$ cat start.cif   # mmCIF, C-alpha atoms
data_structure
loop_
_atom_site.label_atom_id
_atom_site.label_comp_id
_atom_site.auth_asym_id
_atom_site.auth_seq_id
_atom_site.Cartn_x
_atom_site.Cartn_y
_atom_site.Cartn_z
CA ASP A 25 -15.28 -3.26 -14.23
CA ALA A 26 -13.60 -5.77 -11.97
CA GLY A 27 -10.93 -4.50 -9.65
CA VAL A 28 -7.90 -6.41 -8.47
CA THR A 29 -9.05 -9.82 -7.27
CA GLN A 30 -7.16 -12.02 -4.85
CA SER A 31 -7.68 -15.57 -3.67
CA PRO A 32 -8.10 -17.08 -1.23
CA THR A 33 -9.42 -14.35 1.07
CA HIS A 34 -8.55 -16.24 4.24
CA LEU A 35 -6.43 -19.28 4.94
CA ILE A 36 -4.87 -21.06 7.87
CA LYS A 37 -1.63 -23.00 7.61
CA THR A 38 0.76 -24.62 10.05
CA ARG A 39 4.45 -23.94 10.43
CA GLY A 40 6.60 -25.52 7.75
CA GLN A 41 3.83 -25.67 5.17
CA HIS A 42 3.76 -23.94 1.83
CA VAL A 43 1.20 -21.42 0.56
CA THR A 44 0.28 -20.02 -2.86
CA LEU A 45 -1.65 -16.78 -3.16
CA ARG A 46 -3.18 -15.61 -6.41
CA CYS A 47 -3.90 -12.24 -7.93
CA SER A 48 -5.71 -11.06 -11.05
CA PRO A 49 -4.92 -7.47 -12.02
CA ILE A 50 -7.29 -4.97 -13.52
CA SER A 51 -7.72 -5.55 -17.24
CA GLY A 52 -4.99 -3.68 -19.13
CA HIS A 53 -2.64 -3.45 -16.18
CA LYS A 54 0.68 -5.14 -16.85
CA SER A 55 2.42 -4.44 -13.55
CA VAL A 56 1.67 -6.39 -10.38
CA SER A 57 3.17 -5.77 -6.95
CA TRP A 58 2.91 -7.78 -3.75
CA TYR A 59 2.93 -6.37 -0.22
CA GLN A 60 2.84 -7.84 3.27
CA GLN A 61 0.82 -5.99 5.89
CA VAL A 62 1.33 -7.10 9.47
CA LEU A 63 -1.41 -6.06 11.89
CA GLY A 64 -0.96 -2.46 12.96
CA GLN A 65 1.75 -1.71 10.39
CA GLY A 66 1.90 -0.28 6.91
CA PRO A 67 2.26 -2.53 3.87
CA GLN A 68 5.79 -3.68 3.12
CA PHE A 69 6.94 -4.24 -0.45
CA ILE A 70 7.77 -7.83 -1.43
CA PHE A 71 7.90 -8.01 -5.25
CA GLN A 72 7.05 -6.14 -8.42
CA TYR A 73 6.53 -7.82 -11.77
CA TYR A 74 6.11 -6.11 -15.11
CA GLU A 75 5.60 -7.93 -18.38
CA LYS A 76 6.37 -11.21 -16.61
CA GLU A 77 9.77 -10.07 -15.39
CA GLU A 78 10.77 -9.27 -11.83
CA ARG A 79 11.39 -5.53 -11.58
CA GLY A 80 11.91 -5.19 -7.86
CA ARG A 81 12.31 -7.20 -4.70
CA GLY A 82 11.98 -6.10 -1.11
CA ASN A 83 13.88 -7.30 1.91
CA PHE A 84 12.29 -10.73 2.24
CA PRO A 85 13.97 -14.13 2.49
CA ASP A 86 14.27 -16.56 -0.40
CA ARG A 87 11.32 -18.50 1.01
CA PHE A 88 9.22 -15.89 -0.77
CA SER A 89 8.92 -16.16 -4.53
CA ALA A 90 6.52 -14.97 -7.18
CA ARG A 91 5.80 -15.15 -10.84
CA GLN A 92 3.62 -13.46 -13.42
CA PHE A 93 1.79 -15.28 -16.16
CA PRO A 94 1.17 -14.29 -19.82
CA ASN A 95 -2.27 -12.99 -18.87
CA TYR A 96 -0.55 -10.77 -16.24
CA SER A 97 -2.05 -12.61 -13.28
CA SER A 98 0.42 -13.44 -10.56
CA GLU A 99 1.18 -15.91 -7.80
CA LEU A 100 3.03 -15.37 -4.55
CA ASN A 101 4.56 -18.47 -3.00
CA VAL A 102 5.87 -18.78 0.53
CA ASN A 103 7.74 -21.93 1.60
CA ALA A 104 8.53 -23.23 5.08
CA LEU A 105 5.99 -20.97 6.75
CA LEU A 106 6.88 -19.32 10.03
CA LEU A 107 4.55 -17.88 12.65
CA GLY A 108 5.83 -14.43 11.66
CA ASP A 109 4.49 -14.86 8.13
CA SER A 110 0.97 -14.35 9.49
CA ALA A 111 -0.23 -11.19 7.78
CA LEU A 112 -2.49 -9.68 5.15
CA TYR A 113 -0.94 -10.13 1.72
CA LEU A 114 -1.90 -7.43 -0.72
CA CYS A 115 -1.66 -7.42 -4.47
CA ALA A 116 -1.69 -4.21 -6.47
CA SER A 117 -1.74 -3.54 -10.18
CA SER A 118 -0.96 -0.44 -12.18
CA PHE A 119 -1.00 0.92 -15.69
CA PRO A 120 2.44 2.13 -16.82
CA GLY A 121 2.92 5.84 -16.24
CA SER A 122 -0.26 6.30 -14.22
CA GLY A 123 1.48 6.66 -10.89
CA GLU A 124 -1.39 4.93 -9.11
CA LEU A 125 -1.56 1.48 -7.58
CA PHE A 126 -4.90 -0.32 -7.34
CA PHE A 127 -5.01 -2.74 -4.45
CA GLY A 128 -7.02 -5.88 -3.92
CA GLU A 129 -8.65 -6.62 -0.58
CA GLY A 130 -5.93 -9.05 0.31
CA SER A 131 -5.42 -12.62 1.44
CA ARG A 132 -5.27 -13.02 5.20
CA LEU A 133 -2.82 -15.76 6.13
CA THR A 134 -2.70 -17.21 9.63
CA VAL A 135 0.17 -19.54 10.47
CA LEU A 136 -0.32 -21.73 13.54
CA GLY B 24 17.46 4.19 3.33
CA ASP B 25 14.23 5.81 2.24
CA SER B 26 11.52 5.94 4.89
CA VAL B 27 8.21 7.51 5.85
CA THR B 28 7.22 8.62 9.33
CA GLN B 29 3.66 9.55 10.18
CA MET B 30 2.03 10.61 13.38
CA GLU B 31 0.94 7.93 15.79
CA GLY B 32 -2.73 7.24 16.17
CA PRO B 33 -5.41 6.70 16.92
CA VAL B 34 -6.87 10.13 16.29
CA THR B 35 -10.41 10.79 17.48
CA LEU B 36 -12.27 13.88 16.29
CA SER B 37 -15.80 15.21 16.39
CA GLU B 38 -17.66 15.72 13.14
CA GLU B 39 -16.75 19.01 11.39
CA ALA B 40 -13.43 19.28 13.21
CA PHE B 41 -10.20 20.15 11.38
CA LEU B 42 -7.87 17.26 10.62
CA THR B 43 -4.11 17.20 10.26
CA ILE B 44 -2.09 13.99 9.96
CA ASN B 45 1.62 14.66 9.84
CA CYS B 46 3.91 12.83 7.44
CA THR B 47 7.62 13.34 6.92
CA TYR B 48 9.94 11.40 4.68
CA THR B 49 13.58 10.59 4.10
CA ALA B 50 14.60 9.92 0.53
CA THR B 51 17.43 10.26 -1.92
CA GLY B 52 16.28 12.05 -5.00
CA TYR B 53 12.77 13.34 -5.53
CA PRO B 54 10.12 10.71 -4.89
CA SER B 55 6.43 10.98 -5.63
CA LEU B 56 4.32 11.15 -2.48
CA PHE B 57 0.96 9.58 -1.80
CA TRP B 58 -1.80 9.28 0.76
CA TYR B 59 -3.71 5.99 0.71
CA VAL B 60 -6.81 5.26 2.76
CA GLN B 61 -8.14 1.96 4.05
CA TYR B 62 -11.81 2.05 5.01
CA PRO B 63 -13.10 -0.68 7.32
CA GLY B 64 -13.46 -3.95 5.42
CA GLU B 65 -12.09 -2.51 2.20
CA GLY B 66 -8.79 -2.52 0.32
CA LEU B 67 -6.29 0.31 0.17
CA GLN B 68 -7.21 3.06 -2.23
CA LEU B 69 -5.36 6.11 -3.42
CA LEU B 70 -6.62 9.31 -1.81
CA LEU B 71 -4.26 11.84 -3.38
CA LYS B 72 -0.75 12.23 -4.73
CA ALA B 73 1.93 14.79 -5.59
CA THR B 74 4.81 14.16 -7.94
CA LYS B 75 7.09 17.17 -7.40
CA ALA B 76 7.96 19.85 -4.91
CA ASP B 77 5.20 22.40 -4.15
CA ASP B 78 2.54 20.25 -5.86
CA LYS B 79 -0.72 20.07 -3.96
CA GLY B 80 -2.74 16.89 -4.16
CA SER B 81 -6.44 17.07 -3.36
CA ASN B 82 -9.46 14.77 -3.32
CA LYS B 83 -12.73 14.47 -1.37
CA GLY B 84 -11.91 17.64 0.58
CA PHE B 85 -8.49 16.35 1.64
CA GLU B 86 -5.32 18.20 0.69
CA ALA B 87 -1.57 17.68 1.05
CA THR B 88 1.34 19.78 -0.22
CA TYR B 89 4.73 18.35 -1.16
CA ARG B 90 7.20 20.41 0.89
CA LYS B 91 10.76 19.61 -0.14
CA GLU B 92 12.33 22.06 2.32
CA THR B 93 10.70 20.34 5.30
CA THR B 94 10.46 16.89 3.64
CA SER B 95 6.81 16.77 4.60
CA PHE B 96 3.45 15.84 3.07
CA HIS B 97 0.89 16.54 5.79
CA LEU B 98 -2.73 15.54 5.16
CA GLU B 99 -5.43 18.09 6.00
CA LYS B 100 -9.19 18.39 5.83
CA GLY B 101 -11.18 21.35 6.99
CA SER B 102 -14.27 19.53 8.20
CA VAL B 103 -14.25 15.78 8.76
CA GLN B 104 -17.29 13.53 8.54
CA VAL B 105 -18.11 10.23 10.20
CA SER B 106 -17.56 8.58 6.81
CA ASP B 107 -13.89 9.67 6.91
CA SER B 108 -13.22 7.16 9.68
CA ALA B 109 -10.46 4.95 8.28
CA VAL B 110 -6.74 4.23 8.43
CA TYR B 111 -4.59 6.68 6.46
CA PHE B 112 -1.18 5.77 5.07
CA CYS B 113 1.48 8.12 3.77
CA ALA B 114 3.77 6.59 1.14
CA LEU B 115 6.59 7.41 -1.21
CA ASP B 116 7.45 5.96 -4.57
CA TYR B 117 10.96 4.57 -4.35
CA GLY B 118 13.00 5.20 -7.46
CA GLY B 119 10.04 6.07 -9.63
CA SER B 120 9.22 2.40 -10.01
CA GLN B 121 5.48 2.98 -9.65
CA GLY B 122 5.17 -0.38 -8.01
CA ASN B 123 7.50 -0.19 -5.04
CA LEU B 124 5.98 2.08 -2.43
CA ILE B 125 7.37 2.67 1.03
CA PHE B 126 4.51 3.15 3.49
CA GLY B 127 4.27 4.73 6.89
CA LYS B 128 2.73 2.77 9.73
CA GLY B 129 -0.71 4.28 9.25
CA THR B 130 -2.87 6.57 11.36
CA LYS B 131 -6.31 5.42 12.44
CA LEU B 132 -8.91 8.18 12.38
CA SER B 133 -12.24 7.88 14.19
CA VAL B 134 -14.81 10.61 13.70
CA LYS B 135 -17.66 10.80 16.22
CA PRO B 136 -21.04 12.35 15.41
#
$ encode --input "start.cif" --output "structure tokens"
Amino acid sequence: DAGVTQSPTHLIKTRGQHVTLRCSPISGHKSVSWYQQVLGQGPQFIFQYYEKEERGRGNFPDRFSARQFPNYSSELNVNALLLGDSALYLCASSFPGSGELFFGEGSRLTVL
Amino acid sequence: GDSVTQMEGPVTLSEEAFLTINCTYTATGYPSLFWYVQYPGEGLQLLLKATKADDKGSNKGFEATYRKETTSFHLEKGSVQVSDSAVYFCALDYGGSQGNLIFGKGTKLSVKP
């Protein structure tokens, strides 16, 4: 069975540009969460979506936005990129009540 | 606010040594607690969890006990192997959301043969 898949795996952008990251959850999982992992740090929560509705938002600026589609896949958008947005962006999905998140391998964003 | 503090790394051990990685937390209410592991070149994966006080999570020889009185969830293994080399993250589930985890900074473990 396929795990959580994310695309692209690596990308390089310049300051001020926009980026869209994509995530496909495990089949049957309706909840998707996004995390930012800066090198040497633990993942930091950005968003959670469940049944296409935002259920939680971390302490990130409005430049960060996300959405979830009817097939439960999700996109994370970041506008007006800053150097500090360089990080590994992780997507995780879960089945309600399971108490376990399944993570993808992430999208590594470098902002120059 | 809620937070997780885990011991600084890196930790270097010889094969078959005993491992302890300390984790303490600050939280309102009674969160679920988790240990996630990130092997080189792979995504984060759940190692073990505990959902209430005095629960013991265990998996692959690793154990951790949810200690409410000391707000701790220390990870232990009696005999580490080279294949245990990875980064270990302690985390808590904020508000029972099951999607919003607060992670510690991670502890890198290297096991030498």
$ closest_atom_pairs --input "start.cif" --of "chain A" --to "chain B" --cutoff "9 Å" --atoms "all atoms listed in the file" --output "CSV"
residue,atom,partner,partner_atom,distance
A:Ser55,CA,B:Gly122,CA,7.4
A:Val56,CA,B:Gly122,CA,7.3
A:Ser57,CA,B:Gly122,CA,5.8
A:Trp58,CA,B:Gly122,CA,8.8
A:Gly64,CA,B:Lys128,CA,7.2
A:Gln65,CA,B:Lys128,CA,4.6
A:Gly66,CA,B:Lys128,CA,4.2
A:Pro67,CA,B:Phe126,CA,6.1
A:Gln68,CA,B:Ile125,CA,6.9
A:Phe69,CA,B:Asn123,CA,6.1
A:Ile70,CA,B:Asn123,CA,8.5
A:Phe71,CA,B:Asn123,CA,7.8
A:Gln72,CA,B:Gly122,CA,6.1
A:Tyr73,CA,B:Gly122,CA,8.4
A:Arg79,CA,B:Ser120,CA,8.4
A:Gly80,CA,B:Asn123,CA,7.2
A:Arg81,CA,B:Asn123,CA,8.5
A:Gly82,CA,B:Asn123,CA,8.4
A:Leu114,CA,B:Gly66,CA,8.5
A:Ala116,CA,B:Gly122,CA,8.0
A:Ser117,CA,B:Gly122,CA,7.9
A:Ser118,CA,B:Gly122,CA,7.4
A:Pro120,CA,B:Gln121,CA,7.8
A:Gly121,CA,B:Gln121,CA,7.6
A:Ser122,CA,B:Gln121,CA,8.1
A:Gly123,CA,B:Gln121,CA,5.6
A:Glu124,CA,B:Leu69,CA,7.0
A:Leu125,CA,B:Gly122,CA,7.0
A:Phe126,CA,B:Gln68,CA,6.5
A:Phe127,CA,B:Leu67,CA,5.7
A:Gly128,CA,B:Gly66,CA,5.7
A:Glu129,CA,B:Gly66,CA,4.2
A:Gly130,CA,B:Gly66,CA,7.1
$ resolve_selection --input "start.cif" --expression "the PyMOL selection byres ((chain A and resi 27-39) around 9)" --output "mmCIF file with C-alpha atoms, in the frame of the given file"
data_model
loop_
_atom_site.group_PDB
_atom_site.id
_atom_site.type_symbol
_atom_site.label_atom_id
_atom_site.label_comp_id
_atom_site.auth_asym_id
_atom_site.auth_seq_id
_atom_site.Cartn_x
_atom_site.Cartn_y
_atom_site.Cartn_z
ATOM 1 C CA ASP A 25 -15.280 -3.260 -14.230
ATOM 2 C CA ALA A 26 -13.600 -5.770 -11.970
ATOM 3 C CA GLY A 40 6.600 -25.520 7.750
ATOM 4 C CA GLN A 41 3.830 -25.670 5.170
ATOM 5 C CA HIS A 42 3.760 -23.940 1.830
ATOM 6 C CA VAL A 43 1.200 -21.420 0.560
ATOM 7 C CA LEU A 45 -1.650 -16.780 -3.160
ATOM 8 C CA ARG A 46 -3.180 -15.610 -6.410
ATOM 9 C CA CYS A 47 -3.900 -12.240 -7.930
ATOM 10 C CA SER A 48 -5.710 -11.060 -11.050
ATOM 11 C CA PRO A 49 -4.920 -7.470 -12.020
ATOM 12 C CA ILE A 50 -7.290 -4.970 -13.520
ATOM 13 C CA SER A 51 -7.720 -5.550 -17.240
ATOM 14 C CA ALA A 104 8.530 -23.230 5.080
ATOM 15 C CA LEU A 105 5.990 -20.970 6.750
ATOM 16 C CA LEU A 106 6.880 -19.320 10.030
ATOM 17 C CA LEU A 107 4.550 -17.880 12.650
ATOM 18 C CA LEU A 112 -2.490 -9.680 5.150
ATOM 19 C CA LEU A 114 -1.900 -7.430 -0.720
ATOM 20 C CA CYS A 115 -1.660 -7.420 -4.470
ATOM 21 C CA ALA A 116 -1.690 -4.210 -6.470
ATOM 22 C CA SER A 117 -1.740 -3.540 -10.180
ATOM 23 C CA PHE A 126 -4.900 -0.320 -7.340
ATOM 24 C CA PHE A 127 -5.010 -2.740 -4.450
ATOM 25 C CA GLY A 128 -7.020 -5.880 -3.920
ATOM 26 C CA GLU A 129 -8.650 -6.620 -0.580
ATOM 27 C CA GLY A 130 -5.930 -9.050 0.310
ATOM 28 C CA SER A 131 -5.420 -12.620 1.440
ATOM 29 C CA ARG A 132 -5.270 -13.020 5.200
ATOM 30 C CA LEU A 133 -2.820 -15.760 6.130
ATOM 31 C CA THR A 134 -2.700 -17.210 9.630
ATOM 32 C CA VAL A 135 0.170 -19.540 10.470
ATOM 33 C CA LEU A 136 -0.320 -21.730 13.540
#
$ residues_around --input "start.cif" --residues "B:Phe41" --least-positions-apart "3" --cutoff "12 Å" --atoms "all atoms listed in the file" --output "PDB file with C-alpha atoms, in the frame of the given file"
ATOM      1  CA  VAL B  34      -6.870  10.130  16.290  1.00  0.00           C
ATOM      2  CA  THR B  35     -10.410  10.790  17.480  1.00  0.00           C
ATOM      3  CA  LEU B  36     -12.270  13.880  16.290  1.00  0.00           C
ATOM      4  CA  SER B  37     -15.800  15.210  16.390  1.00  0.00           C
ATOM      5  CA  GLU B  38     -17.660  15.720  13.140  1.00  0.00           C
ATOM      6  CA  ILE B  44      -2.090  13.990   9.960  1.00  0.00           C
ATOM      7  CA  GLY B  84     -11.910  17.640   0.580  1.00  0.00           C
ATOM      8  CA  PHE B  85      -8.490  16.350   1.640  1.00  0.00           C
ATOM      9  CA  GLU B  86      -5.320  18.200   0.690  1.00  0.00           C
ATOM     10  CA  LEU B  98      -2.730  15.540   5.160  1.00  0.00           C
ATOM     11  CA  GLU B  99      -5.430  18.090   6.000  1.00  0.00           C
ATOM     12  CA  LYS B 100      -9.190  18.390   5.830  1.00  0.00           C
ATOM     13  CA  GLY B 101     -11.180  21.350   6.990  1.00  0.00           C
ATOM     14  CA  SER B 102     -14.270  19.530   8.200  1.00  0.00           C
ATOM     15  CA  VAL B 103     -14.250  15.780   8.760  1.00  0.00           C
ATOM     16  CA  GLN B 104     -17.290  13.530   8.540  1.00  0.00           C
ATOM     17  CA  ASP B 107     -13.890   9.670   6.910  1.00  0.00           C
ATOM     18  CA  VAL B 134     -14.810  10.610  13.700  1.00  0.00           C
TER      19      VAL B 134
END
$ atom_distance --input "start.cif" --atom1 "atom CA of B:Pro33" --atom2 "atom CA of B:Ser106"
15.9 Å
$ residues_around --input "start.cif" --residues "B:Thr49" --least-positions-apart "3" --cutoff "10 Å" --atoms "all atoms listed in the file" --output "PyMOL selection string"
chain B and resi 24-28+52+54+94-95+115
$ atom_distance --input "start.cif" --atom1 "atom CA of B:Tyr53" --atom2 "atom CA of B:His97"
16.7 Å
